[in-house]
Amino acid sequence: MQTHLLFLLLIFSLSPTLTSASIILEPFASMSTSGTATSQINTSTSTSSTSISVATFDLTSKNYGARLAYLLENALFGYEYARGSVRLTLTNPKFTSERYSGSYQATYNAVYLGYYSRINLLMPWMSYYLKVRYDYGGSRGSDSGKGYALALSYIGSRYLTIYGQYRKFTLTSKGLNDSRTDVGDNKITTKEYLVGVTLPLWLDL
């Protein structure tokens, strides 16, 4: 019994020196390698029932931002803010969506967690996007929503990381009304694969 107590006291006394913690600031840039989007617009008129119009698009994006993370041993917790440009190209010719076609600006806010392996230099991580906003500009307004992402980073050195990421967003907005047409909830769902690079700045605690 005394031996067990001495062992526990030894572990507790050494734990502050055995535990490693760091704060990491990661400026990053990324671009999509492939992506798709599907829009759904619900409309109704005074002379007809509600109809649903669906369009599909190819999606490309470029993004830049920063992540601020706290690393404790192998567990990583952080916050991400990013901006970017998104371009949608219509692939379904049956329906033309002036709202979504073209290029526009996007902003992203997310929290994320990951597992940092110091042995094989790989870090799987996942993000939950608290808010995603697409600003279409002019009278087209904007959409906002949420989403998630799954990623795998390769930590080539302490100051350079490359990663691959899959992310999915669902955004909605209220449509505009006129005397004849009531445009209900608009919804767009995006899926894309990205590659990115970060330049981590470490502060060891």
# chains A, B, ... in the order shown; residues from 1 in each chain; ligands from 1
$ residues_around --residues "Gln40 in chain A" --least-positions-apart "3" --cutoff "7 Å" --atoms "only C-alpha atoms" --output "PyMOL selection string"
chain A and resi 52-55+186-188
$ write_last_selection --atoms "C-alpha atoms" --output "JSON list (two decimals), in the first residue's frame"
[["chain", "number", "residue", "atom", "x", "y", "z"],
["A", 52, "ILE", "CA", -39.37, 23.61, -56.27],
["A", 53, "SER", "CA", -36.63, 24.56, -58.71],
["A", 54, "VAL", "CA", -33.31, 22.72, -58.44],
["A", 55, "ALA", "CA", -30.01, 23.59, -60.08],
["A", 186, "ASN", "CA", -33.80, 29.29, -50.63],
["A", 187, "LYS", "CA", -31.29, 26.58, -49.82],
["A", 188, "ILE", "CA", -27.90, 25.78, -51.25]]
$ closest_residue --among "A:Thr60, A:Ser39, A:Ser34, A:Ser117" --to "Gln105 in chain A" --atoms "only C-alpha atoms"
A:Thr60
$ residues_around --residues "Tyr100 in chain A" --least-positions-apart "3" --cutoff "9 Å" --atoms "only C-alpha atoms" --output "VMD selection string"
chain A and resid 39 57 87 to 90 97 103 to 104 136 140 188
$ atom_distance --atom1 "CA of Asn74 in chain A" --atom2 "CA of Asp204 in chain A"
13.7 Å
$ residues_around --residues "Ser153 in chain A" --least-positions-apart "6" --cutoff "12 Å" --atoms "only C-alpha atoms" --output "ChimeraX atom specification"
/A:114-117,120-126,160-165,194-198
$ atom_distance --atom1 "CA of Glu73 in chain A" --atom2 "CA of Ala21 in chain A"
6.1 Å
$ closest_residue --among "A:Thr38, A:Ser173, A:Ser157, A:Asn63" --to "Arg118 in chain A" --atoms "only C-alpha atoms"
A:Ser157
$ closest_residue --among "A:Leu59, A:Ile119, A:Ala149, A:Leu113" --to "Thr36 in chain A" --atoms "only C-alpha atoms"
A:Leu59
$ residues_around --residues "Gly84 in chain A" --least-positions-apart "3" --cutoff "10 Å" --atoms "only C-alpha atoms" --output "PDB file with C-alpha atoms, in the first residue's frame"
ATOM      1  CA  ALA A  29      -4.350  29.474 -47.523  1.00  0.00           C
ATOM      2  CA  SER A  30      -6.342  26.810 -49.360  1.00  0.00           C
ATOM      3  CA  MET A  31      -8.067  26.129 -52.655  1.00  0.00           C
ATOM      4  CA  SER A  61     -13.010  28.396 -54.065  1.00  0.00           C
ATOM      5  CA  LYS A  62      -9.909  30.099 -52.728  1.00  0.00           C
ATOM      6  CA  ASN A  63      -9.590  30.804 -49.026  1.00  0.00           C
ATOM      7  CA  TYR A  64      -7.275  32.520 -46.575  1.00  0.00           C
ATOM      8  CA  GLY A  65      -7.426  33.068 -42.848  1.00  0.00           C
ATOM      9  CA  TYR A 104     -18.880  36.133 -54.765  1.00  0.00           C
ATOM     10  CA  GLN A 105     -17.303  36.526 -51.335  1.00  0.00           C
ATOM     11  CA  ALA A 106     -17.529  34.146 -48.383  1.00  0.00           C
ATOM     12  CA  THR A 107     -16.680  34.283 -44.685  1.00  0.00           C
ATOM     13  CA  TYR A 108     -16.247  31.359 -42.283  1.00  0.00           C
ATOM     14  CA  TYR A 134     -22.039  33.825 -48.875  1.00  0.00           C
TER      15      TYR A 134
END
$ closest_residue --among "A:Thr56, A:Leu72, A:Val86, A:Lys146" --to "Ser20 in chain A" --atoms "only C-alpha atoms"
A:Leu72
$ select_by_dssp --residues "range 110-178 of chain A" --states "strand (DSSP E)" --output "number ranges by chain"
A: 110-115, 122-135, 142-157, 160-174
$ write_last_selection --atoms "N, CA and C atoms" --output "compact mmCIF listing (two decimals), in the first residue's frame"
# COMPACT_ATOMS: atom_id res chain seq x y z
N ALA A 110 -15.37 28.99 -37.38
CA ALA A 110 -15.45 27.58 -37.00
C ALA A 110 -14.65 27.32 -35.73
N VAL A 111 -15.03 26.27 -35.05
CA VAL A 111 -14.23 25.70 -33.97
C VAL A 111 -13.79 24.31 -34.42
N TYR A 112 -12.64 23.86 -33.92
CA TYR A 112 -12.15 22.57 -34.38
C TYR A 112 -11.35 21.88 -33.29
N LEU A 113 -11.18 20.59 -33.46
CA LEU A 113 -10.36 19.79 -32.55
C LEU A 113 -9.62 18.74 -33.37
N GLY A 114 -8.46 18.35 -32.86
CA GLY A 114 -7.65 17.39 -33.59
C GLY A 114 -6.78 16.58 -32.66
N TYR A 115 -6.12 15.59 -33.24
CA TYR A 115 -5.19 14.74 -32.50
C TYR A 115 -3.83 14.85 -33.16
N LEU A 122 1.31 13.15 -38.38
CA LEU A 122 -0.01 13.33 -38.98
C LEU A 122 -0.99 13.84 -37.94
N MET A 123 -1.93 14.66 -38.37
CA MET A 123 -2.93 15.17 -37.45
C MET A 123 -4.31 15.14 -38.11
N PRO A 124 -5.16 14.19 -37.75
CA PRO A 124 -6.56 14.26 -38.19
C PRO A 124 -7.30 15.30 -37.34
N TRP A 125 -8.18 16.05 -37.97
CA TRP A 125 -8.95 17.04 -37.23
C TRP A 125 -10.29 17.28 -37.91
N MET A 126 -11.22 17.79 -37.14
CA MET A 126 -12.56 18.06 -37.65
C MET A 126 -13.01 19.43 -37.17
N SER A 127 -13.79 20.10 -38.02
CA SER A 127 -14.26 21.45 -37.73
C SER A 127 -15.78 21.49 -37.75
N TYR A 128 -16.32 22.32 -36.89
CA TYR A 128 -17.75 22.64 -36.94
C TYR A 128 -17.87 24.12 -37.24
N TYR A 129 -18.52 24.44 -38.34
CA TYR A 129 -18.65 25.83 -38.76
C TYR A 129 -19.88 26.45 -38.12
N LEU A 130 -19.63 27.37 -37.20
CA LEU A 130 -20.71 28.04 -36.49
C LEU A 130 -21.51 28.95 -37.41
N LYS A 131 -20.81 29.58 -38.35
CA LYS A 131 -21.49 30.44 -39.31
C LYS A 131 -20.69 30.51 -40.60
N VAL A 132 -21.38 30.30 -41.70
CA VAL A 132 -20.83 30.48 -43.03
C VAL A 132 -21.73 31.48 -43.75
N ARG A 133 -21.13 32.44 -44.41
CA ARG A 133 -21.91 33.47 -45.09
C ARG A 133 -21.42 33.63 -46.52
N TYR A 134 -22.33 33.54 -47.47
CA TYR A 134 -22.04 33.82 -48.87
C TYR A 134 -22.70 35.15 -49.23
N ASP A 135 -21.91 36.11 -49.66
CA ASP A 135 -22.42 37.43 -50.03
C ASP A 135 -22.45 37.52 -51.55
N SER A 142 -27.58 37.76 -49.52
CA SER A 142 -26.61 36.81 -48.97
C SER A 142 -27.35 35.63 -48.35
N ASP A 143 -26.63 34.53 -48.19
CA ASP A 143 -27.12 33.35 -47.49
C ASP A 143 -26.19 33.07 -46.33
N SER A 144 -26.70 32.45 -45.29
CA SER A 144 -25.87 32.04 -44.17
C SER A 144 -26.31 30.67 -43.70
N GLY A 145 -25.38 29.96 -43.07
CA GLY A 145 -25.69 28.62 -42.60
C GLY A 145 -24.56 28.05 -41.78
N LYS A 146 -24.54 26.73 -41.70
CA LYS A 146 -23.55 26.02 -40.90
C LYS A 146 -23.01 24.85 -41.70
N GLY A 147 -22.04 24.15 -41.12
CA GLY A 147 -21.47 23.00 -41.81
C GLY A 147 -20.38 22.34 -40.99
N TYR A 148 -19.68 21.42 -41.63
CA TYR A 148 -18.60 20.71 -40.96
C TYR A 148 -17.51 20.39 -41.96
N ALA A 149 -16.35 20.01 -41.43
CA ALA A 149 -15.22 19.64 -42.29
C ALA A 149 -14.41 18.55 -41.61
N LEU A 150 -13.83 17.68 -42.42
CA LEU A 150 -12.90 16.65 -41.97
C LEU A 150 -11.58 16.87 -42.69
N ALA A 151 -10.47 16.74 -41.97
CA ALA A 151 -9.18 17.07 -42.58
C ALA A 151 -8.08 16.19 -42.01
N LEU A 152 -6.98 16.11 -42.78
CA LEU A 152 -5.78 15.41 -42.35
C LEU A 152 -4.58 16.27 -42.72
N SER A 153 -3.77 16.60 -41.72
CA SER A 153 -2.59 17.43 -41.92
C SER A 153 -1.32 16.59 -41.85
N TYR A 154 -0.35 16.97 -42.68
CA TYR A 154 1.00 16.41 -42.59
C TYR A 154 1.92 17.52 -42.11
N ILE A 155 2.54 17.29 -40.97
CA ILE A 155 3.38 18.31 -40.36
C ILE A 155 4.81 18.06 -40.81
N GLY A 156 5.17 18.64 -41.95
CA GLY A 156 6.49 18.41 -42.51
C GLY A 156 7.60 18.97 -41.65
N SER A 157 7.34 20.08 -40.99
CA SER A 157 8.28 20.66 -40.04
C SER A 157 7.46 21.45 -39.03
N LEU A 160 5.85 24.39 -41.07
CA LEU A 160 5.17 24.20 -42.35
C LEU A 160 4.26 22.98 -42.26
N THR A 161 3.01 23.16 -42.63
CA THR A 161 2.03 22.07 -42.61
C THR A 161 1.22 22.11 -43.90
N ILE A 162 1.00 20.94 -44.48
CA ILE A 162 0.10 20.84 -45.63
C ILE A 162 -1.07 19.93 -45.23
N TYR A 163 -2.22 20.17 -45.83
CA TYR A 163 -3.39 19.38 -45.43
C TYR A 163 -4.37 19.22 -46.57
N GLY A 164 -5.18 18.17 -46.44
CA GLY A 164 -6.32 17.95 -47.31
C GLY A 164 -7.59 18.01 -46.48
N GLN A 165 -8.66 18.50 -47.09
CA GLN A 165 -9.89 18.74 -46.32
C GLN A 165 -11.12 18.49 -47.18
N TYR A 166 -12.13 17.92 -46.54
CA TYR A 166 -13.46 17.81 -47.13
C TYR A 166 -14.41 18.63 -46.28
N ARG A 167 -15.24 19.45 -46.90
CA ARG A 167 -16.20 20.22 -46.12
C ARG A 167 -17.54 20.30 -46.83
N LYS A 168 -18.57 20.44 -46.00
CA LYS A 168 -19.94 20.49 -46.50
C LYS A 168 -20.70 21.59 -45.75
N PHE A 169 -21.40 22.44 -46.51
CA PHE A 169 -22.19 23.52 -45.92
C PHE A 169 -23.62 23.45 -46.43
N THR A 170 -24.54 23.87 -45.59
CA THR A 170 -25.93 24.09 -45.99
C THR A 170 -26.32 25.49 -45.57
N LEU A 171 -26.70 26.31 -46.56
CA LEU A 171 -27.04 27.70 -46.31
C LEU A 171 -28.46 27.98 -46.78
N THR A 172 -29.16 28.85 -46.06
CA THR A 172 -30.53 29.20 -46.41
C THR A 172 -30.72 30.71 -46.33
N SER A 173 -31.76 31.19 -46.98
CA SER A 173 -32.13 32.60 -46.89
C SER A 173 -33.61 32.74 -47.20
N LYS A 174 -34.17 33.84 -46.76
CA LYS A 174 -35.55 34.17 -47.09
C LYS A 174 -35.58 34.91 -48.42
$ decode --residues "range 79-125 of chain A" --atoms "N, CA and C atoms" --output "PDB file, in the first residue's frame"
ATOM      1  N   TYR A  79      -9.901  27.751 -32.868  1.00  0.00           N
ATOM      2  CA  TYR A  79     -10.906  28.589 -33.529  1.00  0.00           C
ATOM      3  C   TYR A  79     -10.350  29.044 -34.872  1.00  0.00           C
ATOM      4  N   GLU A  80     -11.214  29.099 -35.873  1.00  0.00           N
ATOM      5  CA  GLU A  80     -10.802  29.482 -37.226  1.00  0.00           C
ATOM      6  C   GLU A  80     -11.668  30.624 -37.749  1.00  0.00           C
ATOM      7  N   TYR A  81     -10.992  31.594 -38.363  1.00  0.00           N
ATOM      8  CA  TYR A  81     -11.700  32.636 -39.105  1.00  0.00           C
ATOM      9  C   TYR A  81     -11.085  32.719 -40.489  1.00  0.00           C
ATOM     10  N   ALA A  82     -11.925  32.752 -41.513  1.00  0.00           N
ATOM     11  CA  ALA A  82     -11.409  32.776 -42.880  1.00  0.00           C
ATOM     12  C   ALA A  82     -12.330  33.569 -43.786  1.00  0.00           C
ATOM     13  N   ARG A  83     -11.742  34.062 -44.866  1.00  0.00           N
ATOM     14  CA  ARG A  83     -12.483  34.704 -45.942  1.00  0.00           C
ATOM     15  C   ARG A  83     -12.078  34.040 -47.247  1.00  0.00           C
ATOM     16  N   GLY A  84     -12.874  34.246 -48.265  1.00  0.00           N
ATOM     17  CA  GLY A  84     -12.523  33.633 -49.532  1.00  0.00           C
ATOM     18  C   GLY A  84     -13.417  34.077 -50.667  1.00  0.00           C
ATOM     19  N   SER A  85     -13.094  33.584 -51.832  1.00  0.00           N
ATOM     20  CA  SER A  85     -13.906  33.820 -53.024  1.00  0.00           C
ATOM     21  C   SER A  85     -14.428  32.484 -53.525  1.00  0.00           C
ATOM     22  N   VAL A  86     -15.675  32.469 -53.940  1.00  0.00           N
ATOM     23  CA  VAL A  86     -16.345  31.259 -54.409  1.00  0.00           C
ATOM     24  C   VAL A  86     -16.906  31.531 -55.798  1.00  0.00           C
ATOM     25  N   ARG A  87     -16.782  30.557 -56.680  1.00  0.00           N
ATOM     26  CA  ARG A  87     -17.362  30.683 -58.017  1.00  0.00           C
ATOM     27  C   ARG A  87     -18.212  29.457 -58.314  1.00  0.00           C
ATOM     28  N   LEU A  88     -19.445  29.693 -58.761  1.00  0.00           N
ATOM     29  CA  LEU A  88     -20.357  28.626 -59.150  1.00  0.00           C
ATOM     30  C   LEU A  88     -20.623  28.708 -60.647  1.00  0.00           C
ATOM     31  N   THR A  89     -20.470  27.565 -61.317  1.00  0.00           N
ATOM     32  CA  THR A  89     -20.729  27.467 -62.754  1.00  0.00           C
ATOM     33  C   THR A  89     -21.873  26.491 -62.968  1.00  0.00           C
ATOM     34  N   LEU A  90     -22.946  26.955 -63.594  1.00  0.00           N
ATOM     35  CA  LEU A  90     -24.146  26.140 -63.770  1.00  0.00           C
ATOM     36  C   LEU A  90     -23.851  24.919 -64.633  1.00  0.00           C
ATOM     37  N   THR A  91     -24.247  23.733 -64.161  1.00  0.00           N
ATOM     38  CA  THR A  91     -24.077  22.501 -64.935  1.00  0.00           C
ATOM     39  C   THR A  91     -25.405  21.873 -65.324  1.00  0.00           C
ATOM     40  N   ASN A  92     -26.484  22.276 -64.670  1.00  0.00           N
ATOM     41  CA  ASN A  92     -27.810  21.781 -65.019  1.00  0.00           C
ATOM     42  C   ASN A  92     -28.499  22.816 -65.905  1.00  0.00           C
ATOM     43  N   PRO A  93     -28.660  22.534 -67.211  1.00  0.00           N
ATOM     44  CA  PRO A  93     -29.207  23.539 -68.135  1.00  0.00           C
ATOM     45  C   PRO A  93     -30.710  23.729 -68.031  1.00  0.00           C
ATOM     46  N   LYS A  94     -31.377  22.923 -67.208  1.00  0.00           N
ATOM     47  CA  LYS A  94     -32.835  23.019 -67.146  1.00  0.00           C
ATOM     48  C   LYS A  94     -33.311  24.212 -66.319  1.00  0.00           C
ATOM     49  N   PHE A  95     -32.400  24.779 -65.557  1.00  0.00           N
ATOM     50  CA  PHE A  95     -32.823  25.877 -64.697  1.00  0.00           C
ATOM     51  C   PHE A  95     -31.670  26.841 -64.521  1.00  0.00           C
ATOM     52  N   THR A  96     -31.918  28.102 -64.758  1.00  0.00           N
ATOM     53  CA  THR A  96     -30.888  29.122 -64.613  1.00  0.00           C
ATOM     54  C   THR A  96     -31.117  29.884 -63.316  1.00  0.00           C
ATOM     55  N   SER A  97     -30.117  29.889 -62.458  1.00  0.00           N
ATOM     56  CA  SER A  97     -30.222  30.580 -61.182  1.00  0.00           C
ATOM     57  C   SER A  97     -29.324  31.808 -61.193  1.00  0.00           C
ATOM     58  N   GLU A  98     -29.927  32.971 -61.423  1.00  0.00           N
ATOM     59  CA  GLU A  98     -29.138  34.189 -61.417  1.00  0.00           C
ATOM     60  C   GLU A  98     -28.613  34.498 -60.022  1.00  0.00           C
ATOM     61  N   ARG A  99     -29.304  34.017 -59.015  1.00  0.00           N
ATOM     62  CA  ARG A  99     -28.880  34.301 -57.646  1.00  0.00           C
ATOM     63  C   ARG A  99     -27.533  33.665 -57.341  1.00  0.00           C
ATOM     64  N   TYR A 100     -27.340  32.441 -57.785  1.00  0.00           N
ATOM     65  CA  TYR A 100     -26.158  31.700 -57.371  1.00  0.00           C
ATOM     66  C   TYR A 100     -25.037  31.692 -58.396  1.00  0.00           C
ATOM     67  N   SER A 101     -25.325  31.860 -59.660  1.00  0.00           N
ATOM     68  CA  SER A 101     -24.281  31.791 -60.678  1.00  0.00           C
ATOM     69  C   SER A 101     -23.303  32.951 -60.529  1.00  0.00           C
ATOM     70  N   GLY A 102     -22.003  32.654 -60.765  1.00  0.00           N
ATOM     71  CA  GLY A 102     -21.002  33.710 -60.745  1.00  0.00           C
ATOM     72  C   GLY A 102     -20.060  33.612 -59.563  1.00  0.00           C
ATOM     73  N   SER A 103     -19.341  34.705 -59.317  1.00  0.00           N
ATOM     74  CA  SER A 103     -18.345  34.765 -58.249  1.00  0.00           C
ATOM     75  C   SER A 103     -18.841  35.666 -57.125  1.00  0.00           C
ATOM     76  N   TYR A 104     -18.476  35.326 -55.900  1.00  0.00           N
ATOM     77  CA  TYR A 104     -18.880  36.133 -54.765  1.00  0.00           C
ATOM     78  C   TYR A 104     -17.960  35.858 -53.586  1.00  0.00           C
ATOM     79  N   GLN A 105     -18.156  36.604 -52.511  1.00  0.00           N
ATOM     80  CA  GLN A 105     -17.303  36.526 -51.335  1.00  0.00           C
ATOM     81  C   GLN A 105     -17.934  35.638 -50.260  1.00  0.00           C
ATOM     82  N   ALA A 106     -17.062  35.027 -49.452  1.00  0.00           N
ATOM     83  CA  ALA A 106     -17.529  34.146 -48.383  1.00  0.00           C
ATOM     84  C   ALA A 106     -16.723  34.409 -47.114  1.00  0.00           C
ATOM     85  N   THR A 107     -17.361  34.216 -45.975  1.00  0.00           N
ATOM     86  CA  THR A 107     -16.680  34.283 -44.685  1.00  0.00           C
ATOM     87  C   THR A 107     -17.040  33.039 -43.881  1.00  0.00           C
ATOM     88  N   TYR A 108     -16.094  32.607 -43.026  1.00  0.00           N
ATOM     89  CA  TYR A 108     -16.247  31.359 -42.283  1.00  0.00           C
ATOM     90  C   TYR A 108     -15.805  31.566 -40.834  1.00  0.00           C
ATOM     91  N   ASN A 109     -16.583  31.018 -39.905  1.00  0.00           N
ATOM     92  CA  ASN A 109     -16.224  30.985 -38.487  1.00  0.00           C
ATOM     93  C   ASN A 109     -16.417  29.558 -37.992  1.00  0.00           C
ATOM     94  N   ALA A 110     -15.370  28.993 -37.385  1.00  0.00           N
ATOM     95  CA  ALA A 110     -15.446  27.582 -37.002  1.00  0.00           C
ATOM     96  C   ALA A 110     -14.655  27.325 -35.727  1.00  0.00           C
ATOM     97  N   VAL A 111     -15.031  26.266 -35.046  1.00  0.00           N
ATOM     98  CA  VAL A 111     -14.226  25.698 -33.966  1.00  0.00           C
ATOM     99  C   VAL A 111     -13.786  24.307 -34.418  1.00  0.00           C
ATOM    100  N   TYR A 112     -12.645  23.864 -33.924  1.00  0.00           N
ATOM    101  CA  TYR A 112     -12.151  22.568 -34.383  1.00  0.00           C
ATOM    102  C   TYR A 112     -11.349  21.880 -33.293  1.00  0.00           C
ATOM    103  N   LEU A 113     -11.184  20.587 -33.456  1.00  0.00           N
ATOM    104  CA  LEU A 113     -10.356  19.793 -32.552  1.00  0.00           C
ATOM    105  C   LEU A 113      -9.623  18.743 -33.369  1.00  0.00           C
ATOM    106  N   GLY A 114      -8.457  18.354 -32.865  1.00  0.00           N
ATOM    107  CA  GLY A 114      -7.645  17.391 -33.590  1.00  0.00           C
ATOM    108  C   GLY A 114      -6.775  16.579 -32.659  1.00  0.00           C
ATOM    109  N   TYR A 115      -6.123  15.587 -33.236  1.00  0.00           N
ATOM    110  CA  TYR A 115      -5.190  14.737 -32.497  1.00  0.00           C
ATOM    111  C   TYR A 115      -3.826  14.845 -33.164  1.00  0.00           C
ATOM    112  N   TYR A 116      -2.868  15.386 -32.441  1.00  0.00           N
ATOM    113  CA  TYR A 116      -1.535  15.630 -32.974  1.00  0.00           C
ATOM    114  C   TYR A 116      -0.615  14.467 -32.598  1.00  0.00           C
ATOM    115  N   SER A 117      -0.213  13.682 -33.582  1.00  0.00           N
ATOM    116  CA  SER A 117       0.684  12.552 -33.359  1.00  0.00           C
ATOM    117  C   SER A 117       2.122  12.994 -33.593  1.00  0.00           C
ATOM    118  N   ARG A 118       2.934  12.951 -32.563  1.00  0.00           N
ATOM    119  CA  ARG A 118       4.328  13.374 -32.676  1.00  0.00           C
ATOM    120  C   ARG A 118       5.205  12.291 -33.296  1.00  0.00           C
ATOM    121  N   ILE A 119       4.636  11.101 -33.512  1.00  0.00           N
ATOM    122  CA  ILE A 119       5.430   9.992 -34.048  1.00  0.00           C
ATOM    123  C   ILE A 119       5.413  10.004 -35.568  1.00  0.00           C
ATOM    124  N   ASN A 120       4.218   9.968 -36.173  1.00  0.00           N
ATOM    125  CA  ASN A 120       4.140   9.919 -37.636  1.00  0.00           C
ATOM    126  C   ASN A 120       3.844  11.272 -38.273  1.00  0.00           C
ATOM    127  N   LEU A 121       3.783  12.341 -37.445  1.00  0.00           N
ATOM    128  CA  LEU A 121       3.629  13.713 -37.937  1.00  0.00           C
ATOM    129  C   LEU A 121       2.327  13.929 -38.705  1.00  0.00           C
ATOM    130  N   LEU A 122       1.308  13.154 -38.381  1.00  0.00           N
ATOM    131  CA  LEU A 122      -0.009  13.328 -38.984  1.00  0.00           C
ATOM    132  C   LEU A 122      -0.991  13.843 -37.938  1.00  0.00           C
ATOM    133  N   MET A 123      -1.928  14.661 -38.369  1.00  0.00           N
ATOM    134  CA  MET A 123      -2.933  15.170 -37.450  1.00  0.00           C
ATOM    135  C   MET A 123      -4.309  15.145 -38.106  1.00  0.00           C
ATOM    136  N   PRO A 124      -5.159  14.190 -37.747  1.00  0.00           N
ATOM    137  CA  PRO A 124      -6.555  14.257 -38.186  1.00  0.00           C
ATOM    138  C   PRO A 124      -7.295  15.296 -37.344  1.00  0.00           C
ATOM    139  N   TRP A 125      -8.179  16.053 -37.973  1.00  0.00           N
ATOM    140  CA  TRP A 125      -8.953  17.039 -37.230  1.00  0.00           C
ATOM    141  C   TRP A 125     -10.293  17.278 -37.908  1.00  0.00           C
TER     142      TRP A 125
END
